[in-house]
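Visitor: Before I ask anything, let me first share the structure, which is written out below as structure tokens.
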Amino acid sequence: MPSNPRFLMCPPTHFAVDYVINPWMEGNLHSADAARAQSQWAALHGVLSDLAGIDLIAAGEGLPDMPFTANAGLVLGDVFVPSRFHHAQRRGEEALFTDWFAQQGFTIRQLPAGMDFEGAGDALLDRDAPRLWLGHGHRSDAGVAQEVAAMFDLEAIPLRLSDPRFYHLDTCFCPLTGGWLLYYPPAFDAEAIGAIASRIPESRRIAVSEQDALAFACNAVNIGTSVVVNRASSALKTALENAGFEVIETPLDEFLKAGGSAKCLTLRLDEP
């Protein structure tokens, strides 16, 4: 684990639930409490600032989902692969994130035109092997795995998501330090479960309950042995502690109204 991890965050200046593009937004249209969202985001920022460096990007007006920086793109080394959002409501974020990364000195590499890809929401690096897990079925195309594998010369494993509530991979799957995996098996089809089982031994897999999955416990930020989550049951905390992790809870339920939590609100900038 790098000694100085860095993350990109975006203040929730314009955060709102102004449209419905995932099941979590249904029933929550125009219900977001801006002040509460700001307070919860600031608390997450404070927790992460004790563990890592935080870079900020200015929020774009009219882009209420921009605080979910995980979806900006994929970062590997000094290369940034911008997202191509499935829904038109988020496409205005693409140029802002691409410009920010270009200004920071990253090399910008584009995927082929017409290919949906939602960044580190669906593309997660393993923490113990040179492989990338690629979620598809709702927001990103399965073909992204082949493109990224060729681009970076690493194994990329497509995992089909079968439950629309878990529309991004990072809502139900979190690779952890030391080759551990936190995940919710019912979110995947049988082929994806087989792909996971063939690469990660059962002794290193922590399957969460539906209760924890719906609290977005898998949407966690892992820094070393710290796992930062919105909320986790006592059973899940015990399982993680037995695996050598410290669980840090910080409420983010205001962002669950839009279908996001801790991991969604961050993008790791120092991926090897």
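If you're wondering about the labels, chains in the structure tokens are A, B, ... by order shown, residues count from 1 in each chain, ligands from 1 in order shown.
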Could you list, as JSON, numbers by chain, every residue within 12 Å of Ala113 of chain A, counting only C-alpha atoms and ignoring same-chain residues fewer than 5 positions away?
Guide: {"A": [82, 83, 84, 85, 141, 144, 147]}
Visitor: What parts of segment 13-172 of chain A does DSSP call alpha helix (DSSP H)? I'd like the answer as a count of residues only.
Guide: 37
Visitor: Could you give me, as a Markdown table, a per-residue list for segment 148-229 of chain A showing, wherever an atom lies at most 9 Å from an atom of segment 18-30 of chain A, the closest pair of atoms and their distance in Å to one decimal, using only C-alpha atoms and sorting by chain then residue number from low to high?
Guide:
| residue | atom | partner | partner_atom | distance |
| --- | --- | --- | --- | --- |
| A:Pro164 | CA | A:Pro23 | CA | 6.9 |
| A:Arg165 | CA | A:Pro23 | CA | 5.7 |
| A:Phe166 | CA | A:Pro23 | CA | 8.9 |
| A:Tyr167 | CA | A:Asn22 | CA | 7.3 |
Visitor: Separation of atom CA of Arg231 of chain A and atom CA of Leu182 of chain A, in Å?
Guide: 13.9 Å
Visitor: Expressed in Å to a single decimal, how great is the separation between atom CA of Leu214 of chain A and atom CA of Ser140 of chain A?
Guide: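 Spanning atom CA of Leu214 of chain A to atom CA of Ser140 of chain A is a straight-line distance of 21.3 Å.
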Visitor: Would you pick out the contacts of Ser233 of chain A at 10 Å or less, using only C-alpha atoms, so that residues sharing its chain but fewer than 3 positions from it are not included, and give the list as a CSV table (one decimal) with N, CA and C atoms, in the first residue's frame?
Guide:
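Okay, this is what ended up in result.csv:
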chain,number,residue,atom,x,y,z
A,208,VAL,N,-21.6,-10.3,2.3
A,208,VAL,CA,-22.4,-9.5,3.2
A,208,VAL,C,-23.9,-10.0,3.1
A,209,SER,N,-24.6,-9.7,4.1
A,209,SER,CA,-26.1,-9.9,4.1
A,209,SER,C,-26.8,-8.9,3.3
A,211,GLN,N,-29.1,-7.0,4.3
A,211,GLN,CA,-29.2,-5.8,5.1
A,211,GLN,C,-28.0,-4.9,4.9
A,212,ASP,N,-26.8,-5.5,5.0
A,212,ASP,CA,-25.6,-4.7,4.8
A,212,ASP,C,-25.5,-4.2,3.4
A,215,ALA,N,-27.4,-1.2,2.8
A,215,ALA,CA,-26.8,-0.1,3.5
A,215,ALA,C,-25.5,0.4,2.8
A,217,ALA,N,-22.8,-1.3,2.4
A,217,ALA,CA,-21.5,-1.7,3.1
A,217,ALA,C,-20.4,-2.0,2.2
A,236,LEU,N,-21.0,-8.0,10.4
A,236,LEU,CA,-20.0,-7.7,9.3
A,236,LEU,C,-18.8,-7.0,10.0
A,237,LYS,N,-19.0,-6.2,11.0
A,237,LYS,CA,-17.8,-5.6,11.6
A,237,LYS,C,-16.9,-6.7,12.3
A,238,THR,N,-17.5,-7.7,12.8
A,238,THR,CA,-16.8,-8.8,13.4
A,238,THR,C,-16.0,-9.5,12.4
A,239,ALA,N,-16.6,-9.8,11.3
A,239,ALA,CA,-15.9,-10.5,10.2
A,239,ALA,C,-14.8,-9.7,9.6
Visitor: Distance table requested - segment 34-91 of chain A against segment 224-229 of chain A, cut-off 12 Å, only C-alpha atoms: one row per qualifying residue with the closest atom pair and its distance in Å to one decimal, ordered by chain and rising residue number, as CSV.
Guide:
residue,atom,partner,partner_atom,distance
A:Ala43,CA,A:Val228,CA,11.5
A:Leu44,CA,A:Val228,CA,8.6
A:His45,CA,A:Val228,CA,11.0
A:Gly46,CA,A:Val228,CA,11.6
A:Val47,CA,A:Val228,CA,8.2
A:Leu48,CA,A:Val228,CA,8.2
A:Ser49,CA,A:Val228,CA,11.9
A:Asp50,CA,A:Ser226,CA,11.0
A:Leu51,CA,A:Ser226,CA,8.5
A:Ala52,CA,A:Gly224,CA,10.2
Visitor: Could you check the closest approach to Asp65 of chain A for each of A:Ala213, A:Cys264, A:Val81, A:Val148 and tell me which residue wins, using only C-alpha atoms?
Guide: A:Cys264
Visitor: Please measure the separation of atom CA of Glu210 of chain A and atom CA of Leu265 of chain A, giving the value in Å to one decimal.
Guide: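 That distance, rounded to one decimal, is 21.8 Å.
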Visitor: Compare A:Asp99, A:Asp270, A:Glu202, A:Glu254 by their minimum atom-to-atom distance to Pro12 of chain A, counting only C-alpha atoms, and give me the closest one.
Guide: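 Using only C-alpha atoms, Pro12 of chain A sits closest to A:Glu254.
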Visitor: For Gly194 of chain A, find every residue with an atom within 12 Å (counting only C-alpha atoms), except residues of its own chain fewer than 4 positions away, and show them as an MDAnalysis selection string.
Guide: chainID A and resid 157:160 185 188:190 198:202
Visitor: Save the residues we just selected, C-alpha atoms, as an mmCIF file, in the first residue's frame?
Guide:
data_model
loop_
_atom_site.group_PDB
_atom_site.id
_atom_site.type_symbol
_atom_site.label_atom_id
_atom_site.label_comp_id
_atom_site.auth_asym_id
_atom_site.auth_seq_id
_atom_site.Cartn_x
_atom_site.Cartn_y
_atom_site.Cartn_z
ATOM 1 C CA ILE A 157 -12.496 -9.998 -15.652
ATOM 2 C CA PRO A 158 -16.016 -9.041 -16.763
ATOM 3 C CA LEU A 159 -18.653 -9.583 -14.059
ATOM 4 C CA ARG A 160 -22.285 -9.335 -15.067
ATOM 5 C CA PRO A 185 -23.134 -12.601 -4.156
ATOM 6 C CA PHE A 188 -24.105 -11.279 -9.747
ATOM 7 C CA ASP A 189 -25.065 -13.900 -12.301
ATOM 8 C CA ALA A 190 -23.774 -17.472 -12.010
ATOM 9 C CA SER A 198 -11.898 -19.276 -9.327
ATOM 10 C CA ARG A 199 -9.634 -16.358 -8.449
ATOM 11 C CA ILE A 200 -10.306 -15.582 -4.806
ATOM 12 C CA PRO A 201 -10.300 -18.447 -2.276
ATOM 13 C CA GLU A 202 -13.371 -18.827 -0.105
#
Visitor: Write out as a compact mmCIF listing (two decimals) with C-alpha atoms, in the first residue's frame all residues of segment 146-217 of chain A that DSSP puts in strand (DSSP E) for this structure's backbone.
Guide:
# COMPACT_ATOMS: atom_id res chain seq x y z
CA GLU A 155 -6.11 -9.37 -16.73
CA ALA A 156 -9.59 -7.85 -16.84
CA ILE A 157 -12.50 -10.00 -15.65
CA PRO A 158 -16.02 -9.04 -16.76
CA LEU A 159 -18.65 -9.58 -14.06
CA ARG A 160 -22.29 -9.33 -15.07
CA PHE A 173 -18.01 -5.62 -4.59
CA CYS A 174 -14.97 -4.22 -2.80
CA PRO A 175 -11.44 -5.66 -3.17
CA LEU A 176 -9.54 -5.23 0.10
CA TRP A 180 -9.63 -10.06 0.69
CA LEU A 181 -12.98 -9.39 -0.96
CA LEU A 182 -16.12 -7.82 0.47
CA TYR A 183 -19.11 -8.61 -1.77
CA ARG A 205 -14.22 -13.79 0.63
CA ILE A 206 -16.52 -11.93 3.01
CA ALA A 207 -20.12 -12.19 1.80
Visitor: Point out the residue among A:Asn230, A:Gln110, A:Thr171, A:Thr266 with the least atom-to-atom distance to Met66 of chain A, counting only C-alpha atoms.
Guide: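 Of all the options, A:Thr266 lies closest to Met66 of chain A.
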Visitor: I'd like to know which of A:Gly114, A:Pro251, A:Pro272, A:Gly77 is closest to Pro130 of chain A, using only C-alpha atoms.
Guide: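 Among the listed residues, the smallest separation from Pro130 of chain A belongs to A:Pro272.
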Visitor: Looking at A:Ala123, A:Leu134, A:Ala220, A:Met9, which one is nearest to Ala262 of chain A, with distances taken over only C-alpha atoms?
Guide: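 That would be A:Ala220, the residue with the smallest distance to Ala262 of chain A.
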Visitor: Check the smallest atom-to-atom distance from each of A:Ala102, A:Ala192, A:Leu96, A:Ala70 to Ala142 of chain A using only C-alpha atoms, then report the winner.
Guide: A:Ala192
